[in-house]
Structure formats: structure tokens, C-alpha cells
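First the structure, in the form of C-alpha cells, and then the observations on it.
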Amino acid sequence: MSSHPLTRRQALQAALAALPAGAFAWQDAPPAPAGRARGGEFDAVIIGSGLGGLACGAAFARKGYRALVLEQHDKAGGYATAFRRPGGFLFDVSLHSTTVGQRDGLHNLIGGLPEITEVEFVAHPHLYRAIFPQHDITVPQRDPAAYAASLARFFPQEEAHIQALLADMRALSAEVSKLAAARGQTDMSRFPQDFPTLYRNSQHTWGQMVDSRLSDPKLKAIVSALWAYYGLPPSRLSAFYYALPTLGYLEQGGYYPRGRSQTISTAIVKFIEARGGKVLTGKRVERVLAKGGTAYGVRCSGGQEFLARAVISNASPQATLGQFLEDPGPWKAYQQQQSAGFSPSLSCFQVFLGLKRDLAGELGLKDSEVFVEPGYDLDAGYEACRRADIEQCGFCVTLYDNIYPGYSPKGKNTLNLLCLQGYEPWAQFEIDYFAGRKGAYRRQKERMASILIERAERALLPGLSKSIEVKEIGTPLTNLRYTGNFRGAIYGWDQTVDNSGNRRIGHGTPVKGLYLAGAWSRPGHGYVAVIQSGIECCAQVLSERAL
């Protein structure tokens with residue numbers, strides 16, 4: 001008998017928290033009726049072409065339905081885009097590393113979209129490197145045992161505990177898969193016995209999961225070095241949101257698409273349009289058309305209207321319900337029922353650099369992704385990010401030239417410096433920024449960029465500041481401008497214990513026929529997750545609406 005009695009409510013909470021996305025089984029979603037001719041009509045209108053919106057459009061296409069995707073920017077993809085600058089430099093907006101499936105010897109299998117074959121993913125030379133004040137650790141690709149051994153060399157007294165933590169992560173992953181396969185047919189009275197790791201950690205943060213195994217505070221920080229991927233420090237981040245994707249990286253490896261993340265977006269656009277759908281750029285949606293509590297289309301800034309029986313928004317719920325609808329009632333209801341107490345994630349500050357020399361090659365650097373932490377207190381690091389303290393926050397350096405040859409013009413480097421940042425320090429510039437008065441804003445971002453470049457030079461890249469040919473700076477206001485995401489958030493809602501797994505906000509809204517897909521809804525942020533979100537959202541629409 002368990003020493004911790006489990007109530008039915010607790011068991012259900014654990015089960016719901018752990019279940020991966022897919023409450024509406026994709027294979028059960030109805031296909032479009034055979035031989036149906038719809039002329040110029042579309043079955044669904046999708047607001048926003050981030051990967052969640054594009055995946056949703058592709059999911060409709062796979063089932064024989066026609067989706068129209070509307071994007072305010074001049075290119076589709078949201079954060080999965082790239083931009084050119086003089087000197088032959090092409091910068092990726094956001095992607096650092098992702099997991100991907102393999103077939104016929106190539107890593108080109110995008111989960112949920114098996115027909116897309118033209119995007120090839122290349123493995124990082126190693127998973128990542130983490131530099132702390134007293135530790136410098138390189139994590140190998142697809143070799144958790146070697147990773148554990150490298151940690152044990154620094155912390156020999158914790159060797160068994162390191163193994164135990166990895167075992168917990170594997171057990172958690174296996175039990176989540178087992179629970180998903182059961183599809184609700186689970187004996188809750190036996191939940192602690194059948195799902196012991198899940199039961200133990202369902203209400204825990206990653207920090208609590210780590211604390212249950214490790215003692216050394218420095219080691220705890222090192223095994224949490226990827227926390228910036230998930231947007232919260234271990235003390236606040238759901239155990240699921242660190243343990244499961246991190247285990248996936250350790251076991252399956254980290255990959256990057258040849259040609260940058262734009263190739264993913266472009267391939268999905270091609271897939272949608274080849275099957276009768278359409279992706280239109282330069283179309284800013286200003287209004288969701290609704291009557292009698294039911295959405296029936298959208299109106300763009302130029303007055304053009306597009307009608308459909310389902311409207312899916314890849315935008316934030318704040319924009320979708322709080323701005324696009326004339327009636328404020330649904331937004332108030334949504335806040336009360338779904339998002340009360342949830343907080344938007346941090347945004348980010350980025351410095352994109354094109355170097356006039358192959359500095360990484362000259363220095364003999366083989367890294368492609370490096371995390372630099374000024375200390376071992378990750379809560380303090382998070383607070384430094386939140387208040388935009390550029391001198392005290394951790395940051396990441398990406399050197400994509402080490403992933404595959406030809407990434408940059410010959411003899412040059414393309415790199416990115418990134419740190420998470422709160423929106424509040426930039427809010428003082430918002431009104432002037434959008435009015436075109438950017439003097440104070442530009443001085444602040446240049447000041448921060450100079451500090452970050454100097455820190456990267458000291459930590460990893462001596463000679464960096466004198467090697468710069470091209471420099472672009474992105475701030476939380478940049479994110480807000482290009483994506484419309486509330487407060488420039490890059491991860492949607494914070495991924496806390498109370499907003500994890502199937503407890504995370506779903507796809508439905510208080511307005512019939514209006515749905516959400518992407519990082520703000522289930523299952524969460526990240527390239528793999530938002531593609532899954534779009535597919536799941538499509539399945540839910542097809543289960544509820546007669547298109």
C-alpha cells in the first residue's frame with residue numbers, strides 16, 4: 001500500500017497533467033466528403049502563419065479540407081523565418097535546436113507531417129556546451145551515459161544520484177507513453193503502483209524533481225542548464241516540461257534544418273497550397289466576425305472579409321479574444337475560466353552578428369550552441385532576465401557554421417547572442433516606438449548589445465568586437481511588432497505546474513467556431529509542440545464542426 005494515499009481527484013489531476021496532446025485522436029477526425037467541389041470557398045480561416053497555424057492548415061489539407069492562412073508579415077513562418085542582410089548573411093530568427101525523426105537514413109521526418117520530405121535536418125556536432133564559473137561541460141549527442149559520466153567526473157560523490165535522476169526521467173517518459181496508450185482506460189485505484197514516477201512528480205516542479213535526487217547546488221544548476229529553452233527557472237517550471245523534452249534531446253540528439261528554419265515554413269506552405277489551401281501574406285486581421293456567439297470569418301485591415309465555418313487563431317488569446325472581437329464578454333469569460341493566474345512568458349533580447357572573418361575557425365571552436373551562466377543560482381538568473389539586467393543574466397551563443405559547411409559566406413561567421421528578457425523594462429519605450437520615435441529606444445538597445453558582445457568576447461570569442469561586419473538587434477518590442485504576441489512573449493503562457501500537459505489551456509474558446517492553436521494553447525511552446533498543437537486543434541475542429 002502506498003504511504004501517500006491518492007484521492008481520485010489527485011489521480012485524475014496527475015493523469016490529465018501527464019497526458020500528451022491528442023485528446024482528439026487524429027486518426028478519428030473525419031475526412032472531407034469525397035468529390036466535394038467548394039469553388040473559391042475555404043473550410044477554415046487561420047489567423048497567423050507561425051508553425052502552429054501552418055501545421056493546422058496542413059492538417060486540414062491532409063484530411064481533404066481547404067484552409068486559408070492569413071499572415072500580417074511579408075513572409076510566412078512566424079518565429080520560423082529568416083532575414084537577409086548585406087554581406088551575404090542570412091539570419092535565423094529563432095531556431096537553435098530541435099528533435100526530428102529519421103527515415104531511410106535521413107533525418108527529415110517532421111512529426112505529424114510525414115508527407116513533407118524536402119527538409120533535411122543536420123545534427124549538431126554535440127548537443128550543447130554549458131559554461132559556469134567553475135565548470136565547463138560539453139554534452140554529447142545521443143549519449144546520456146557519457147553525459148552522466150562527465151557530470152560524475154566533476155561530482156563523484158553524486159554519481160549514483162545522477163543515474164537515479166536520469167532513470168526518473170526515463171521512467172516518467174515511459175509512464176506518460178503508457179498512460180497515453182491506455183486512452184483513459186486506467187484503474188485509478190492502482191495509479192500509484194502502475195505509474196509511480198508520474199504519481200510522485202505530477203505536482204512537482206523540475207527543481208523539486210532534481211532536489212529529490214541531487215544534493216550539490218552546483219550540480220543542480222548544471223543539469224538544469226537548458227532552462228532558458230523553457231522560459232522558467234527550475235523552481236517554477238513544471239517537471240514535465242523540463243524532464244521530457246530534455247530526455248528527448250539527450251537520447252535522440254539536437255538537429256538544425258539545412259537552409260534555416262524558413263525551409264520548414266516554406267515546405268508546409270507548399271504542402272497546404274498543393275492541396276487546395278492558400279497562404280496569404282500582408283494580410284493583417286483586425287476583426288473576428290461573430291454573430292450570436294458563433295464565429296463565421298475575419299476582416300482584414302483593408303476591409304477584405306474571408307468567411308468560413310471555423311476560425312483558428314495562431315495569435316495570442318489576448319489578441320484573439322481581447323482585440324479581434326467587438327464583444328469583450330468572451331475575453332472576460334476566458335480569463336475567469338481558463339487563464340486566471342497564468343502569466344505570459346519572458347521575451348528575449350538578441351544580437352545577430354555577421355563576422356568578416358572565420359573567428360570560430362581561427363579559435364578552434366567546435367561548438368554550435370553554448371550557454372553561459374554567470375552563477376549557479378538560476379532563480380537569481382531568472383530575475384536578472386526579468387528586469388533586463390544585461391550584465392547579470394545568462395546568455396546563449398550560437399555558432400551555426402559548425403553545423404554544416406556553407407552556412408556563412410566563405411571566410412565569415414554568422415552567430416547569434418541571445419538572452420531572455422522581461423517586457424516591463426521596455427514598456428517605457430512602447431508608445432514612442434510604435435509612433436516612430438525611437439531615439440531613446442535605440443540608445444538603450446545599443447547599450448545592451450555592446451555589453452552582451454563584450455561578455456561573449458570574454459567568455460568565448462576573443463576578438464569578437466573587432467570582427468563585426470553586420471549587426472542587428474532584436475528586443476521584446478521587436479517581437480511584439482512582428483508577431484503581435486502579448487508583451488513580446490516567445491513561449492506563450494509560462495509553463496508552470498498548474499499550466500502543464502492537458503491542464504494547459506486548450507484550443508476551444510467561449511466563442512463557438514473560434515479556436516486557438518500554437519504556443520499559447522496545448523501542449524505548449526517549441527517547434528515540435530506547436531506543430532502538434534496545430535494538428536490537435538484541427539482534429540478538435542473536425543470533431544465539433546461540420547465543415
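Within each chain, counting starts at residue 1; across the C-alpha cells, chains are named A, B, ... in the order shown, with ligands numbered 1 upward in that order.
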
Counting only C-alpha atoms, which residues in range 352-437 of chain A sit no more than 9 Å from range 125-133 of chain A? For each one, give the nearest pair of atoms and the distance in Å, sorted by chain then residue number, as a Markdown table.
| residue | atom | partner | partner_atom | distance |
| --- | --- | --- | --- | --- |
| A:Lys366 | CA | A:Pro125 | CA | 7.3 |
| A:Asp367 | CA | A:Pro125 | CA | 7.0 |
| A:Ser368 | CA | A:Pro125 | CA | 7.1 |
| A:Glu369 | CA | A:Tyr128 | CA | 5.2 |
| A:Val370 | CA | A:Arg129 | CA | 4.7 |
| A:Phe371 | CA | A:Ala130 | CA | 4.7 |
| A:Val372 | CA | A:Ile131 | CA | 4.9 |
| A:Glu373 | CA | A:Phe132 | CA | 5.2 |
| A:Pro374 | CA | A:Pro133 | CA | 6.3 |
| A:Gly375 | CA | A:Pro133 | CA | 6.2 |
| A:Tyr376 | CA | A:Phe132 | CA | 7.2 |
| A:Asn402 | CA | A:Pro125 | CA | 7.1 |
| A:Ile403 | CA | A:Pro125 | CA | 6.3 |

Please identify the helix (DSSP H, G or I) residues within range 131-197 of chain A (assignment by DSSP from backbone atoms) and present them as a ChimeraX atom specification.
/A:144-154,156-182,188-194,196-197

Write out, as a short mmCIF file (atom, residue, chain, number, x, y, z; two decimals), in the first residue's frame, the residues just selected, with N, CA and C atoms.
data_model
loop_
_atom_site.label_atom_id
_atom_site.label_comp_id
_atom_site.auth_asym_id
_atom_site.auth_seq_id
_atom_site.Cartn_x
_atom_site.Cartn_y
_atom_site.Cartn_z
N PRO A 144 23.39 9.63 -23.34
CA PRO A 144 23.15 10.00 -21.95
C PRO A 144 24.16 9.41 -20.98
N ALA A 145 24.67 8.21 -21.28
CA ALA A 145 25.65 7.58 -20.39
C ALA A 145 26.93 8.41 -20.32
N ALA A 146 27.38 8.91 -21.47
CA ALA A 146 28.58 9.74 -21.49
C ALA A 146 28.33 11.07 -20.78
N TYR A 147 27.13 11.59 -20.92
CA TYR A 147 26.76 12.82 -20.21
C TYR A 147 26.82 12.60 -18.71
N ALA A 148 26.24 11.49 -18.24
CA ALA A 148 26.26 11.18 -16.81
C ALA A 148 27.69 11.00 -16.31
N ALA A 149 28.52 10.36 -17.14
CA ALA A 149 29.92 10.14 -16.74
C ALA A 149 30.67 11.47 -16.62
N SER A 150 30.39 12.41 -17.54
CA SER A 150 31.07 13.71 -17.47
C SER A 150 30.65 14.47 -16.21
N LEU A 151 29.39 14.36 -15.83
CA LEU A 151 28.94 15.00 -14.60
C LEU A 151 29.59 14.35 -13.38
N ALA A 152 29.69 13.03 -13.43
CA ALA A 152 30.28 12.30 -12.29
C ALA A 152 31.75 12.63 -12.10
N ARG A 153 32.44 13.01 -13.17
CA ARG A 153 33.85 13.38 -13.02
C ARG A 153 33.98 14.66 -12.19
N PHE A 154 33.04 15.55 -12.32
CA PHE A 154 33.05 16.77 -11.52
C PHE A 154 32.48 16.54 -10.12
N PRO A 156 31.91 13.28 -8.17
CA PRO A 156 31.96 11.82 -7.98
C PRO A 156 31.06 11.33 -6.85
N GLN A 157 30.85 12.15 -5.83
CA GLN A 157 30.01 11.74 -4.72
C GLN A 157 28.54 11.66 -5.11
N GLU A 158 28.18 12.21 -6.28
CA GLU A 158 26.79 12.23 -6.73
C GLU A 158 26.53 11.24 -7.87
N GLU A 159 27.50 10.38 -8.17
CA GLU A 159 27.37 9.52 -9.35
C GLU A 159 26.08 8.70 -9.34
N ALA A 160 25.80 8.04 -8.24
CA ALA A 160 24.59 7.21 -8.16
C ALA A 160 23.33 8.07 -8.27
N HIS A 161 23.40 9.26 -7.71
CA HIS A 161 22.24 10.14 -7.73
C HIS A 161 21.97 10.67 -9.14
N ILE A 162 23.04 10.92 -9.89
CA ILE A 162 22.90 11.34 -11.28
C ILE A 162 22.19 10.25 -12.09
N GLN A 163 22.63 9.03 -11.89
CA GLN A 163 21.99 7.89 -12.57
C GLN A 163 20.52 7.78 -12.18
N ALA A 164 20.24 8.01 -10.91
CA ALA A 164 18.86 7.92 -10.43
C ALA A 164 17.98 8.99 -11.07
N LEU A 165 18.52 10.20 -11.24
CA LEU A 165 17.74 11.26 -11.87
C LEU A 165 17.44 10.92 -13.33
N LEU A 166 18.43 10.42 -14.04
CA LEU A 166 18.20 10.01 -15.43
C LEU A 166 17.19 8.88 -15.51
N ALA A 167 17.26 7.96 -14.56
CA ALA A 167 16.30 6.87 -14.52
C ALA A 167 14.89 7.40 -14.28
N ASP A 168 14.77 8.40 -13.41
CA ASP A 168 13.47 9.03 -13.18
C ASP A 168 12.92 9.65 -14.46
N MET A 169 13.79 10.32 -15.21
CA MET A 169 13.36 10.96 -16.45
C MET A 169 12.88 9.92 -17.46
N ARG A 170 13.61 8.81 -17.55
CA ARG A 170 13.20 7.74 -18.47
C ARG A 170 11.88 7.12 -18.02
N ALA A 171 11.75 6.90 -16.72
CA ALA A 171 10.53 6.28 -16.20
C ALA A 171 9.34 7.20 -16.42
N LEU A 172 9.54 8.50 -16.22
CA LEU A 172 8.46 9.46 -16.43
C LEU A 172 8.01 9.43 -17.89
N SER A 173 8.96 9.40 -18.80
CA SER A 173 8.64 9.34 -20.22
C SER A 173 7.88 8.06 -20.56
N ALA A 174 8.34 6.94 -20.03
CA ALA A 174 7.69 5.66 -20.32
C ALA A 174 6.28 5.62 -19.75
N GLU A 175 6.09 6.17 -18.57
CA GLU A 175 4.77 6.13 -17.95
C GLU A 175 3.78 7.06 -18.64
N VAL A 176 4.26 8.21 -19.12
CA VAL A 176 3.40 9.10 -19.89
C VAL A 176 2.95 8.40 -21.17
N SER A 177 3.86 7.72 -21.85
CA SER A 177 3.51 6.97 -23.06
C SER A 177 2.52 5.85 -22.74
N LYS A 178 2.73 5.17 -21.64
CA LYS A 178 1.83 4.10 -21.22
C LYS A 178 0.43 4.64 -20.93
N LEU A 179 0.38 5.78 -20.26
CA LEU A 179 -0.91 6.39 -19.93
C LEU A 179 -1.63 6.84 -21.19
N ALA A 180 -0.89 7.42 -22.13
CA ALA A 180 -1.49 7.86 -23.39
C ALA A 180 -2.03 6.67 -24.17
N ALA A 181 -1.28 5.56 -24.17
CA ALA A 181 -1.73 4.37 -24.90
C ALA A 181 -3.00 3.78 -24.31
N ALA A 182 -3.18 3.98 -23.00
CA ALA A 182 -4.38 3.43 -22.33
C ALA A 182 -5.64 4.18 -22.74
N MET A 188 -7.73 3.91 -11.54
CA MET A 188 -7.18 4.96 -10.70
C MET A 188 -6.81 4.47 -9.30
N SER A 189 -7.43 3.41 -8.86
CA SER A 189 -7.08 2.88 -7.53
C SER A 189 -5.67 2.32 -7.50
N ARG A 190 -5.15 1.97 -8.68
CA ARG A 190 -3.80 1.41 -8.78
C ARG A 190 -2.80 2.42 -9.36
N PHE A 191 -3.21 3.66 -9.45
CA PHE A 191 -2.36 4.66 -10.09
C PHE A 191 -0.97 4.75 -9.46
N PRO A 192 -0.85 4.80 -8.13
CA PRO A 192 0.50 4.89 -7.55
C PRO A 192 1.38 3.69 -7.86
N GLN A 193 0.77 2.52 -8.00
CA GLN A 193 1.56 1.32 -8.31
C GLN A 193 1.89 1.23 -9.79
N ASP A 194 0.93 1.60 -10.66
CA ASP A 194 1.14 1.46 -12.11
C ASP A 194 1.93 2.61 -12.72
N PRO A 196 4.26 5.00 -10.82
CA PRO A 196 4.87 5.54 -9.60
C PRO A 196 5.64 6.85 -9.82
N THR A 197 6.38 6.95 -10.91
CA THR A 197 7.17 8.16 -11.15
C THR A 197 6.26 9.32 -11.52
#

Would you mind listing what lies within 10 Å of range 433-444 of chain A as an MDAnalysis selection string, with only C-alpha atoms counted and same-chain residues fewer than 4 positions away left out?
chainID A and resid 426:429 448:449 473 475 477:478 481

Could you list, as a tab-separated table (two decimals) with C-alpha atoms, in the first residue's frame, every residue within 6 Å of Val93 in chain A, counting only C-alpha atoms and ignoring same-chain residues fewer than 2 positions away?
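This is the output file around_33.tsv:
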chain	number	residue	atom	x	y	z
A	79	TYR	CA	9.42	32.71	-35.47
A	81	THR	CA	11.69	32.59	-40.53
A	82	ALA	CA	14.99	34.08	-41.67

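Between Phe121 in chain A and the candidates A:Leu355, A:Ala44, A:Val100, A:Cys56, the tightest atom-to-atom separation, counting only C-alpha atoms, involves A:Val100.
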
I want to know what sits within 9 Å of Lys283 in chain A, based on only C-alpha atoms, with residues of the same chain fewer than 3 positions away left out; could you give that as a ChimeraX atom specification?
/A:70-74,280,300-302

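Comparing the minimum interatomic distances between Gly411 in chain A and each of A:Ile451, A:Ala380, A:Leu359, A:Val541, counting only C-alpha atoms, we find that A:Leu359 sits nearest.
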
Quick one: everything within 10 Å of Gly508 in chain A, counting only C-alpha atoms, minus sequence neighbours fewer than 3 positions away in the same chain. Send it as a list in words.
Ile312, Tyr334, Ile505, Val511, Lys512, Gly513, Leu514, Tyr515, Leu516, Ala517, Ser521, Cys537, Gln540 and Val541 of chain A

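Excluding Lys278 in chain A itself and any same-chain residue fewer than 6 positions from it, the protein and nucleic acid residues within 7 Å of it, counting only C-alpha atoms, are Ala67, Leu68, Val69 and Ile272 of chain A.
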
Quick one: write out the picked residues with N, CA, C and O atoms as a PDB file, in the first residue's frame?
ATOM      1  N   ALA A  67      -7.914  25.158 -46.256  1.00  0.00           N
ATOM      2  CA  ALA A  67      -7.699  26.170 -45.227  1.00  0.00           C
ATOM      3  C   ALA A  67      -7.047  27.397 -45.840  1.00  0.00           C
ATOM      4  O   ALA A  67      -6.192  27.286 -46.735  1.00  0.00           O
ATOM      5  N   LEU A  68      -7.434  28.560 -45.354  1.00  0.00           N
ATOM      6  CA  LEU A  68      -6.823  29.816 -45.749  1.00  0.00           C
ATOM      7  C   LEU A  68      -6.052  30.355 -44.554  1.00  0.00           C
ATOM      8  O   LEU A  68      -6.622  30.576 -43.480  1.00  0.00           O
ATOM      9  N   VAL A  69      -4.744  30.557 -44.719  1.00  0.00           N
ATOM     10  CA  VAL A  69      -3.895  31.083 -43.659  1.00  0.00           C
ATOM     11  C   VAL A  69      -3.561  32.535 -43.995  1.00  0.00           C
ATOM     12  O   VAL A  69      -3.065  32.827 -45.087  1.00  0.00           O
ATOM     13  N   ILE A 272       0.320  22.897 -48.092  1.00  0.00           N
ATOM     14  CA  ILE A 272      -1.052  23.399 -47.994  1.00  0.00           C
ATOM     15  C   ILE A 272      -1.579  23.791 -49.366  1.00  0.00           C
ATOM     16  O   ILE A 272      -2.697  23.415 -49.766  1.00  0.00           O
TER      17      ILE A 272
END

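Closest approach to Gly518 in chain A from the set A:Leu51, A:Glu120, A:Gly254, A:Pro328 is made by A:Leu51, with distances taken over only C-alpha atoms.
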
Among listed residues A:Arg455, A:Gln336, A:Gln203, A:Tyr423, nearest Ile390 in chain A (using only C-alpha atoms):
A:Arg455

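With only C-alpha atoms as the atoms that count, the residue of A:Leu307, A:Leu415, A:Val122, A:Ile47 with the shortest distance to Gly105 in chain A is A:Val122.
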
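Using only C-alpha atoms, the smallest distance between any of A:Phe89, A:Ala274, A:Gly77, A:Ser347 and Tyr230 in chain A comes from A:Ser347.
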
When you draw a straight line from CA of Ser467 in chain A to CA of Gly354 in chain A, how long is it in Å?
8.5 Å
